[in-house]
Structures are given as C-alpha cells and as structure tokens.
>>> print(open('work-v6.cif').read())   # mmCIF, N, CA and C atoms
data_coords
loop_
_atom_site.label_atom_id
_atom_site.label_comp_id
_atom_site.auth_asym_id
_atom_site.auth_seq_id
_atom_site.Cartn_x
_atom_site.Cartn_y
_atom_site.Cartn_z
N MET A 63 9.08 -21.74 -24.85
CA MET A 63 8.18 -20.60 -24.74
C MET A 63 8.99 -19.32 -24.86
N ILE A 64 8.43 -18.37 -25.52
CA ILE A 64 9.08 -17.06 -25.68
C ILE A 64 8.83 -16.25 -24.41
N ILE A 65 9.91 -15.75 -23.82
CA ILE A 65 9.82 -15.06 -22.53
C ILE A 65 8.95 -13.81 -22.60
N GLU A 66 9.01 -13.07 -23.69
CA GLU A 66 8.19 -11.86 -23.82
C GLU A 66 6.70 -12.22 -23.84
N GLU A 67 6.38 -13.34 -24.46
CA GLU A 67 4.98 -13.78 -24.49
C GLU A 67 4.53 -14.19 -23.09
N ALA A 68 5.40 -14.85 -22.36
CA ALA A 68 5.06 -15.25 -20.99
C ALA A 68 4.83 -14.02 -20.13
N ARG A 69 5.66 -13.00 -20.29
CA ARG A 69 5.49 -11.77 -19.51
C ARG A 69 4.21 -11.05 -19.89
N ALA A 70 3.88 -11.05 -21.18
CA ALA A 70 2.70 -10.33 -21.66
C ALA A 70 1.40 -11.05 -21.32
N LYS A 71 1.40 -12.38 -21.42
CA LYS A 71 0.15 -13.13 -21.28
C LYS A 71 0.09 -14.02 -20.05
N GLY A 72 1.21 -14.22 -19.38
CA GLY A 72 1.23 -15.16 -18.26
C GLY A 72 1.01 -14.54 -16.91
N ILE A 73 0.74 -13.24 -16.88
CA ILE A 73 0.49 -12.56 -15.62
C ILE A 73 -0.97 -12.14 -15.61
N PHE A 74 -1.65 -12.44 -14.53
CA PHE A 74 -3.07 -12.14 -14.43
C PHE A 74 -3.28 -10.64 -14.30
N ARG A 75 -4.25 -10.14 -15.04
CA ARG A 75 -4.61 -8.73 -14.98
C ARG A 75 -6.12 -8.63 -14.80
N THR A 76 -6.55 -7.53 -14.20
CA THR A 76 -7.98 -7.32 -14.02
C THR A 76 -8.33 -5.90 -14.43
N LYS A 77 -9.45 -5.77 -15.11
CA LYS A 77 -9.96 -4.45 -15.50
C LYS A 77 -11.01 -4.04 -14.49
N ILE A 78 -10.82 -2.88 -13.91
CA ILE A 78 -11.73 -2.38 -12.87
C ILE A 78 -12.45 -1.15 -13.40
N MET A 79 -13.76 -1.27 -13.51
CA MET A 79 -14.60 -0.14 -13.94
C MET A 79 -14.87 0.72 -12.70
N LEU A 80 -14.39 1.96 -12.72
CA LEU A 80 -14.42 2.79 -11.52
C LEU A 80 -15.82 3.21 -11.08
N ALA A 81 -16.75 3.40 -12.00
CA ALA A 81 -18.11 3.81 -11.61
C ALA A 81 -18.79 2.75 -10.75
N LYS A 82 -18.35 1.51 -10.85
CA LYS A 82 -18.95 0.44 -10.06
C LYS A 82 -18.70 0.63 -8.56
N ALA A 83 -17.76 1.48 -8.20
CA ALA A 83 -17.49 1.75 -6.78
C ALA A 83 -18.73 2.28 -6.10
N TRP A 84 -19.51 3.07 -6.82
CA TRP A 84 -20.72 3.64 -6.23
C TRP A 84 -21.95 2.79 -6.52
N GLU A 85 -21.84 1.89 -7.48
CA GLU A 85 -22.98 1.06 -7.86
C GLU A 85 -22.98 -0.29 -7.15
N SER A 86 -21.93 -0.62 -6.42
CA SER A 86 -21.80 -1.95 -5.83
C SER A 86 -22.89 -2.24 -4.80
N ASP A 87 -23.39 -1.23 -4.15
CA ASP A 87 -24.49 -1.42 -3.19
C ASP A 87 -25.51 -0.31 -3.44
N PRO A 88 -26.42 -0.51 -4.41
CA PRO A 88 -27.35 0.55 -4.82
C PRO A 88 -28.18 1.13 -3.69
N ASP A 89 -28.49 0.33 -2.67
CA ASP A 89 -29.31 0.82 -1.56
C ASP A 89 -28.58 1.86 -0.72
N LYS A 90 -27.27 1.83 -0.77
CA LYS A 90 -26.50 2.75 0.06
C LYS A 90 -25.92 3.91 -0.74
N VAL A 91 -26.25 4.02 -2.02
CA VAL A 91 -25.72 5.11 -2.84
C VAL A 91 -26.44 6.40 -2.47
N ASP A 92 -25.66 7.38 -2.11
CA ASP A 92 -26.19 8.69 -1.78
C ASP A 92 -26.57 9.38 -3.10
N PRO A 93 -27.75 9.98 -3.17
CA PRO A 93 -28.12 10.68 -4.41
C PRO A 93 -27.08 11.74 -4.82
N ALA A 94 -26.36 12.27 -3.86
CA ALA A 94 -25.32 13.25 -4.17
C ALA A 94 -24.16 12.64 -4.95
N ASP A 95 -24.07 11.30 -4.95
CA ASP A 95 -23.00 10.62 -5.69
C ASP A 95 -23.29 10.51 -7.18
N GLY A 96 -24.48 10.88 -7.60
CA GLY A 96 -24.85 10.80 -9.01
C GLY A 96 -23.83 11.43 -9.95
N PRO A 97 -23.37 12.65 -9.66
CA PRO A 97 -22.36 13.25 -10.55
C PRO A 97 -21.05 12.46 -10.60
N LEU A 98 -20.68 11.83 -9.49
CA LEU A 98 -19.46 11.02 -9.49
C LEU A 98 -19.62 9.79 -10.37
N ILE A 99 -20.78 9.14 -10.25
CA ILE A 99 -21.03 7.95 -11.08
C ILE A 99 -20.98 8.34 -12.55
N ALA A 100 -21.59 9.47 -12.88
CA ALA A 100 -21.57 9.93 -14.28
C ALA A 100 -20.16 10.29 -14.72
N MET A 101 -19.39 10.93 -13.84
CA MET A 101 -18.04 11.35 -14.20
C MET A 101 -17.13 10.15 -14.46
N TYR A 102 -17.27 9.09 -13.68
CA TYR A 102 -16.43 7.91 -13.82
C TYR A 102 -17.06 6.82 -14.70
N LYS A 103 -18.17 7.14 -15.35
CA LYS A 103 -18.96 6.16 -16.10
C LYS A 103 -18.12 5.25 -17.01
N ASP A 104 -17.23 5.81 -17.78
CA ASP A 104 -16.45 5.03 -18.75
C ASP A 104 -14.99 4.86 -18.35
N GLU A 105 -14.65 5.25 -17.15
CA GLU A 105 -13.25 5.20 -16.72
C GLU A 105 -12.90 3.83 -16.15
N TRP A 106 -11.71 3.37 -16.43
CA TRP A 106 -11.25 2.07 -15.94
C TRP A 106 -9.75 2.09 -15.74
N ILE A 107 -9.30 1.11 -14.98
CA ILE A 107 -7.87 0.87 -14.84
C ILE A 107 -7.65 -0.64 -15.00
N ILE A 108 -6.48 -0.99 -15.49
CA ILE A 108 -6.09 -2.39 -15.57
C ILE A 108 -4.92 -2.56 -14.61
N MET A 109 -5.08 -3.52 -13.70
CA MET A 109 -4.03 -3.79 -12.72
C MET A 109 -3.57 -5.23 -12.87
N ARG A 110 -2.27 -5.41 -12.75
CA ARG A 110 -1.71 -6.76 -12.80
C ARG A 110 -1.64 -7.31 -11.38
N GLU A 111 -1.51 -8.64 -11.31
CA GLU A 111 -1.35 -9.23 -9.98
C GLU A 111 0.01 -8.83 -9.42
N PRO A 112 0.12 -8.71 -8.11
CA PRO A 112 1.42 -8.36 -7.53
C PRO A 112 2.40 -9.54 -7.61
N THR A 113 3.66 -9.21 -7.66
CA THR A 113 4.68 -10.25 -7.61
C THR A 113 4.76 -10.79 -6.18
N LYS A 114 5.54 -11.83 -5.99
CA LYS A 114 5.70 -12.40 -4.65
C LYS A 114 6.29 -11.34 -3.70
N ALA A 115 7.32 -10.65 -4.16
CA ALA A 115 7.95 -9.63 -3.32
C ALA A 115 6.98 -8.51 -2.99
N GLU A 116 6.19 -8.09 -3.99
CA GLU A 116 5.21 -7.03 -3.75
C GLU A 116 4.14 -7.47 -2.76
N SER A 117 3.66 -8.69 -2.92
CA SER A 117 2.60 -9.15 -2.02
C SER A 117 3.08 -9.24 -0.57
N MET A 118 4.36 -9.51 -0.39
CA MET A 118 4.90 -9.58 0.97
C MET A 118 4.98 -8.19 1.61
N ARG A 119 5.02 -7.13 0.78
CA ARG A 119 5.07 -5.76 1.30
C ARG A 119 3.69 -5.23 1.67
N MET A 120 2.65 -5.90 1.18
CA MET A 120 1.29 -5.43 1.46
C MET A 120 0.85 -5.93 2.83
N ASN A 121 0.37 -4.99 3.63
CA ASN A 121 -0.04 -5.31 4.99
C ASN A 121 -1.26 -4.47 5.31
N ASP A 122 -2.35 -5.12 5.72
CA ASP A 122 -3.58 -4.37 5.98
C ASP A 122 -3.45 -3.41 7.16
N LYS A 123 -2.43 -3.55 7.96
CA LYS A 123 -2.22 -2.63 9.08
C LYS A 123 -1.36 -1.43 8.67
N ASP A 124 -0.75 -1.49 7.48
CA ASP A 124 0.09 -0.41 6.98
C ASP A 124 -0.28 -0.12 5.53
N PRO A 125 -1.18 0.85 5.29
CA PRO A 125 -1.63 1.12 3.93
C PRO A 125 -0.54 1.63 3.00
N THR A 126 0.59 2.07 3.54
CA THR A 126 1.68 2.54 2.69
C THR A 126 2.15 1.45 1.75
N GLY A 127 2.28 0.24 2.25
CA GLY A 127 2.71 -0.88 1.41
C GLY A 127 1.70 -1.17 0.32
N VAL A 128 0.42 -1.16 0.66
CA VAL A 128 -0.64 -1.39 -0.32
C VAL A 128 -0.59 -0.29 -1.38
N ASP A 129 -0.45 0.95 -0.96
CA ASP A 129 -0.41 2.07 -1.90
C ASP A 129 0.76 1.96 -2.86
N ASP A 130 1.94 1.67 -2.35
CA ASP A 130 3.13 1.56 -3.21
C ASP A 130 2.97 0.43 -4.22
N VAL A 131 2.49 -0.71 -3.77
CA VAL A 131 2.34 -1.87 -4.65
C VAL A 131 1.22 -1.62 -5.67
N ALA A 132 0.08 -1.13 -5.22
CA ALA A 132 -1.04 -0.89 -6.13
C ALA A 132 -0.66 0.09 -7.23
N GLN A 133 0.02 1.14 -6.86
CA GLN A 133 0.46 2.12 -7.84
C GLN A 133 1.35 1.47 -8.90
N ALA A 134 2.25 0.60 -8.47
CA ALA A 134 3.15 -0.08 -9.40
C ALA A 134 2.42 -1.09 -10.27
N CYS A 135 1.28 -1.58 -9.81
CA CYS A 135 0.54 -2.62 -10.55
C CYS A 135 -0.45 -2.05 -11.56
N ILE A 136 -0.63 -0.75 -11.60
CA ILE A 136 -1.50 -0.15 -12.62
C ILE A 136 -0.76 -0.19 -13.94
N GLU A 137 -1.30 -0.94 -14.89
CA GLU A 137 -0.64 -1.08 -16.19
C GLU A 137 -1.27 -0.21 -17.28
N ASP A 138 -2.54 0.07 -17.16
CA ASP A 138 -3.22 0.88 -18.17
C ASP A 138 -4.42 1.55 -17.52
N HIS A 139 -4.89 2.63 -18.14
CA HIS A 139 -6.02 3.38 -17.61
C HIS A 139 -6.53 4.33 -18.67
N THR A 140 -7.62 5.00 -18.38
CA THR A 140 -8.23 5.92 -19.34
C THR A 140 -7.94 7.39 -19.05
N PHE A 141 -7.11 7.72 -18.10
CA PHE A 141 -6.90 9.10 -17.69
C PHE A 141 -5.82 9.80 -18.51
N THR A 142 -6.14 11.02 -18.93
CA THR A 142 -5.19 11.85 -19.68
C THR A 142 -5.14 13.24 -19.05
N HIS A 143 -4.15 14.02 -19.47
CA HIS A 143 -4.07 15.42 -19.06
C HIS A 143 -4.92 16.25 -20.01
N GLN A 144 -5.54 17.29 -19.50
CA GLN A 144 -6.36 18.15 -20.33
C GLN A 144 -5.52 18.86 -21.39
N SER A 145 -4.32 19.24 -21.03
CA SER A 145 -3.49 20.05 -21.92
C SER A 145 -2.78 19.25 -23.01
N SER A 146 -2.81 17.93 -22.94
CA SER A 146 -2.11 17.14 -23.95
C SER A 146 -2.85 15.83 -24.19
N GLU A 147 -2.40 15.12 -25.19
CA GLU A 147 -2.99 13.83 -25.53
C GLU A 147 -2.42 12.70 -24.68
N GLY A 148 -1.34 12.95 -23.96
CA GLY A 148 -0.65 11.91 -23.22
C GLY A 148 -1.38 11.45 -21.97
N LYS A 149 -1.17 10.18 -21.64
CA LYS A 149 -1.76 9.62 -20.42
C LYS A 149 -1.00 10.12 -19.20
N VAL A 150 -1.70 10.15 -18.09
CA VAL A 150 -1.07 10.51 -16.82
C VAL A 150 -0.31 9.30 -16.28
N SER A 151 0.53 9.51 -15.31
CA SER A 151 1.30 8.42 -14.72
C SER A 151 0.42 7.57 -13.80
N SER A 152 0.88 6.37 -13.53
CA SER A 152 0.12 5.51 -12.60
C SER A 152 0.10 6.13 -11.21
N LYS A 153 1.12 6.89 -10.84
CA LYS A 153 1.14 7.57 -9.54
C LYS A 153 0.00 8.59 -9.47
N GLU A 154 -0.20 9.35 -10.55
CA GLU A 154 -1.28 10.33 -10.57
C GLU A 154 -2.64 9.65 -10.49
N VAL A 155 -2.80 8.53 -11.16
CA VAL A 155 -4.06 7.80 -11.10
C VAL A 155 -4.29 7.29 -9.68
N TRP A 156 -3.26 6.72 -9.07
CA TRP A 156 -3.42 6.20 -7.72
C TRP A 156 -3.69 7.33 -6.73
N ASP A 157 -3.03 8.48 -6.90
CA ASP A 157 -3.30 9.62 -6.03
C ASP A 157 -4.76 10.07 -6.15
N LEU A 158 -5.32 10.01 -7.36
CA LEU A 158 -6.73 10.35 -7.56
C LEU A 158 -7.63 9.34 -6.85
N ILE A 159 -7.32 8.07 -6.99
CA ILE A 159 -8.12 7.02 -6.35
C ILE A 159 -8.11 7.20 -4.83
N LYS A 160 -6.98 7.58 -4.28
CA LYS A 160 -6.87 7.75 -2.82
C LYS A 160 -7.67 8.94 -2.29
N THR A 161 -8.10 9.85 -3.17
CA THR A 161 -8.87 11.01 -2.69
C THR A 161 -10.29 10.64 -2.30
N SER A 162 -10.75 9.46 -2.68
CA SER A 162 -12.10 9.02 -2.34
C SER A 162 -12.01 7.69 -1.60
N LEU A 163 -12.48 7.66 -0.37
CA LEU A 163 -12.47 6.42 0.40
C LEU A 163 -13.31 5.35 -0.29
N THR A 164 -14.43 5.74 -0.85
CA THR A 164 -15.29 4.79 -1.57
C THR A 164 -14.54 4.16 -2.74
N LEU A 165 -13.90 4.99 -3.54
CA LEU A 165 -13.17 4.51 -4.71
C LEU A 165 -11.96 3.68 -4.29
N TYR A 166 -11.23 4.16 -3.30
CA TYR A 166 -10.04 3.45 -2.81
C TYR A 166 -10.41 2.05 -2.33
N ARG A 167 -11.41 1.97 -1.47
CA ARG A 167 -11.81 0.68 -0.92
C ARG A 167 -12.27 -0.27 -2.03
N TYR A 168 -13.07 0.24 -2.95
CA TYR A 168 -13.57 -0.60 -4.04
C TYR A 168 -12.43 -1.13 -4.91
N VAL A 169 -11.52 -0.26 -5.30
CA VAL A 169 -10.42 -0.68 -6.17
C VAL A 169 -9.53 -1.70 -5.47
N VAL A 170 -9.13 -1.43 -4.24
CA VAL A 170 -8.25 -2.36 -3.52
C VAL A 170 -8.94 -3.71 -3.32
N GLU A 171 -10.19 -3.70 -2.87
CA GLU A 171 -10.89 -4.97 -2.65
C GLU A 171 -11.08 -5.74 -3.95
N THR A 172 -11.48 -5.06 -5.02
CA THR A 172 -11.70 -5.72 -6.31
C THR A 172 -10.39 -6.30 -6.83
N TRP A 173 -9.33 -5.53 -6.74
CA TRP A 173 -8.01 -5.96 -7.23
C TRP A 173 -7.51 -7.18 -6.45
N VAL A 174 -7.54 -7.10 -5.14
CA VAL A 174 -7.01 -8.20 -4.32
C VAL A 174 -7.86 -9.46 -4.50
N LYS A 175 -9.19 -9.31 -4.48
CA LYS A 175 -10.07 -10.47 -4.61
C LYS A 175 -10.03 -11.09 -6.00
N SER A 176 -9.56 -10.35 -6.99
CA SER A 176 -9.57 -10.85 -8.36
C SER A 176 -8.41 -11.79 -8.68
N THR A 177 -7.38 -11.78 -7.88
CA THR A 177 -6.21 -12.61 -8.21
C THR A 177 -6.57 -14.09 -8.07
N PRO A 178 -6.05 -14.91 -8.97
CA PRO A 178 -6.40 -16.34 -8.94
C PRO A 178 -6.11 -17.01 -7.60
N LEU A 179 -5.01 -16.67 -6.95
CA LEU A 179 -4.66 -17.29 -5.68
C LEU A 179 -5.72 -17.02 -4.62
N VAL A 180 -6.17 -15.78 -4.53
CA VAL A 180 -7.19 -15.42 -3.54
C VAL A 180 -8.50 -16.11 -3.87
N ARG A 181 -8.88 -16.12 -5.15
CA ARG A 181 -10.14 -16.76 -5.54
C ARG A 181 -10.11 -18.24 -5.19
N ARG A 182 -9.01 -18.91 -5.46
CA ARG A 182 -8.94 -20.34 -5.17
C ARG A 182 -8.93 -20.60 -3.67
N SER A 183 -8.29 -19.72 -2.90
CA SER A 183 -8.28 -19.92 -1.45
C SER A 183 -9.66 -19.68 -0.85
N ASN A 184 -10.49 -18.94 -1.56
CA ASN A 184 -11.87 -18.72 -1.12
C ASN A 184 -12.80 -19.80 -1.64
N GLY A 185 -12.25 -20.80 -2.32
CA GLY A 185 -13.05 -21.90 -2.83
C GLY A 185 -13.77 -21.60 -4.12
N GLU A 186 -13.42 -20.49 -4.77
CA GLU A 186 -14.06 -20.14 -6.02
C GLU A 186 -13.23 -20.67 -7.18
N SER A 187 -13.88 -21.04 -8.22
CA SER A 187 -13.20 -21.54 -9.41
C SER A 187 -12.96 -20.41 -10.38
N ALA A 188 -11.75 -20.33 -10.93
CA ALA A 188 -11.45 -19.32 -11.94
C ALA A 188 -12.35 -19.50 -13.15
N LYS A 189 -12.65 -20.74 -13.50
CA LYS A 189 -13.53 -21.00 -14.65
C LYS A 189 -14.93 -20.47 -14.37
N LEU A 190 -15.43 -20.70 -13.17
CA LEU A 190 -16.76 -20.23 -12.82
C LEU A 190 -16.82 -18.71 -12.88
N LEU A 191 -15.82 -18.03 -12.31
CA LEU A 191 -15.82 -16.58 -12.32
C LEU A 191 -15.74 -16.05 -13.74
N SER A 192 -14.91 -16.64 -14.57
CA SER A 192 -14.77 -16.18 -15.94
C SER A 192 -16.06 -16.35 -16.72
N SER A 193 -16.79 -17.42 -16.47
CA SER A 193 -18.00 -17.67 -17.24
C SER A 193 -19.18 -16.85 -16.77
N THR A 194 -19.15 -16.36 -15.54
CA THR A 194 -20.29 -15.60 -15.03
C THR A 194 -19.99 -14.12 -14.87
N ALA A 195 -18.80 -13.70 -15.23
CA ALA A 195 -18.40 -12.32 -15.01
C ALA A 195 -19.10 -11.38 -15.99
N GLY A 196 -19.42 -10.19 -15.47
CA GLY A 196 -20.02 -9.16 -16.32
C GLY A 196 -19.01 -8.09 -16.64
N ALA A 197 -19.46 -6.99 -17.18
CA ALA A 197 -18.59 -5.89 -17.55
C ALA A 197 -17.86 -5.38 -16.33
N GLY A 198 -16.57 -5.18 -16.47
CA GLY A 198 -15.77 -4.67 -15.38
C GLY A 198 -15.38 -5.70 -14.37
N ALA A 199 -15.72 -6.93 -14.60
CA ALA A 199 -15.36 -7.99 -13.66
C ALA A 199 -13.91 -8.37 -13.85
N SER A 200 -13.43 -9.16 -12.95
CA SER A 200 -12.04 -9.55 -12.97
C SER A 200 -11.82 -10.71 -13.93
N LEU A 201 -11.13 -10.42 -14.99
CA LEU A 201 -10.83 -11.42 -16.00
C LEU A 201 -9.41 -11.24 -16.45
N PRO A 202 -8.79 -12.28 -16.93
CA PRO A 202 -7.46 -12.10 -17.50
C PRO A 202 -7.55 -11.17 -18.70
N VAL A 203 -6.66 -10.21 -18.77
CA VAL A 203 -6.62 -9.29 -19.87
C VAL A 203 -5.37 -9.58 -20.68
N THR A 204 -5.54 -9.81 -21.95
CA THR A 204 -4.37 -10.09 -22.80
C THR A 204 -4.18 -9.02 -23.83
#
>>> encode(input="work-v6.cif", output="structure tokens")
Amino acid sequence: MIIEEARAKGIFRTKIMLAKAWESDPDKVDPADGPLIAMYKDEWIIMREPTKAESMRMNDKDPTGVDDVAQACIEDHTFTHQSSEGKVSSKEVWDLIKTSLTLYRYVVETWVKSTPLVRRSNGESAKLLSSTAGAGASLPVT
C-alpha cells in the first residue's frame, strides 16, 4: 500500500454543515436565529478523526484539550477573508465556532459522535449510518 494513499483515504473524516446547528431541534429554534441559519446556510467544515494521542488529551471536564484537538482536526472549510481569496486558518474557524455555544456544542457533538469507534461502541453500524445519512451527515470524505 502506498503510504500517501493511506494517509489521504485511511483516516475518517466528517463534513459538518454548520446551519444544522440551529435546525437540529426545530421546536426550540428561536425566530431570532433566522439570520444565523441564513448566514451559515452553505458553510461547512471537514474534520478528521483525532489520533490516539489527541483523543487522550480530550477531556469533557477541561474544554481546553477539546479546543486544541478540534482546531487541529479541521482539514477544510468554506471560510475566506473578505480582503483576499485565501482561506482563513483552522484556528480562526475554531475561534468563530467558539463564539456561539449553539454552534460549538453542535460541532463538537457531531464530530465526536461521527467517528467509527464511537458509533460502534454505541451499537450503530457504520454501514447503516452511511446508507441512511443525509446532507451534512457524517460520512467518510475522500
């Protein structure tokens, strides 16, 4: 096996549609959130699964570890600077996500629950999730 191919395709990634943070529970969406849903309508991030060392640093009692690891796991996104064509850094994207508790909670929960190890420990089948997933769901990204 070619090592570059294993690195590119052998690590699980998930695409997270950010507008879904406000759509996940429609009964609890505040009408004032309408502009946020519209603003994030087409925005997404792709996050890779954490490495063993990274996962050991994540602790639900210390969000600093989660923040450091999540920021490092952002591989792609739709955010750019207004003044240039270039994309912003993953740190800037994560800092933006942290400004909204709704967005932060949704992204962290979606990312963590999407990893194959967590899905299998919850008794869910990766095949089942892949076959029933909709837009923005957790799927391997190649």
>>> residues_around(input="work-v6.cif", residues="stretch 103-108 of chain A", least_positions_apart="6", cutoff="7 Å", atoms="all atoms listed in the file", output="MDAnalysis selection string")
chainID A and resid 75:81 135:141
>>> axis_aligned_box(input="work-v6.cif", around="stretch 88-105 of chain A", padding_each_side="8 Å", output="AutoDock Vina command-line options")
--center_x -21.1 --center_y 6.4 --center_z -9.3 --size_x 32.4 --size_y 29.8 --size_z 34.8
>>> atom_distance(input="work-v6.cif", atom1="atom CA of A:Met101", atom2="atom CA of A:Val128")
25.6 Å
>>> residues_around(input="work-v6.cif", residues="A:Arg167", least_positions_apart="4", cutoff="12 Å", atoms="only C-alpha atoms", output="list in words")
Leu80, Lys82, Ala83, Trp84, Ser86, Asp122, Pro125, Val128, Asp129, Ile159, Lys160, Thr161, Ser162, Leu163, Glu171, Thr172, Trp173, Val174 and Lys175 of chain A
>>> atom_distance(input="work-v6.cif", atom1="atom CA of A:Gln133", atom2="atom CA of A:Ser152")
5.9 Å
>>> select_by_dssp(input="work-v6.cif", residues="stretch 104-139 of chain A", states="helix (DSSP H, G or I)", output="ChimeraX atom specification")
/A:114-119,125-135
>>> atom_distance(input="work-v6.cif", atom1="atom CA of A:Ala132", atom2="atom CA of A:Leu158")
12.7 Å
>>> resolve_selection(input="work-v6.cif", expression="the PyMOL selection byres ((chain A and resi 74) around 6.5)", output="list in words")
Lys71, Gly72, Ile73, Arg75, Thr76, Met109, Arg110, Glu111, Pro202 and Val203 of chain A
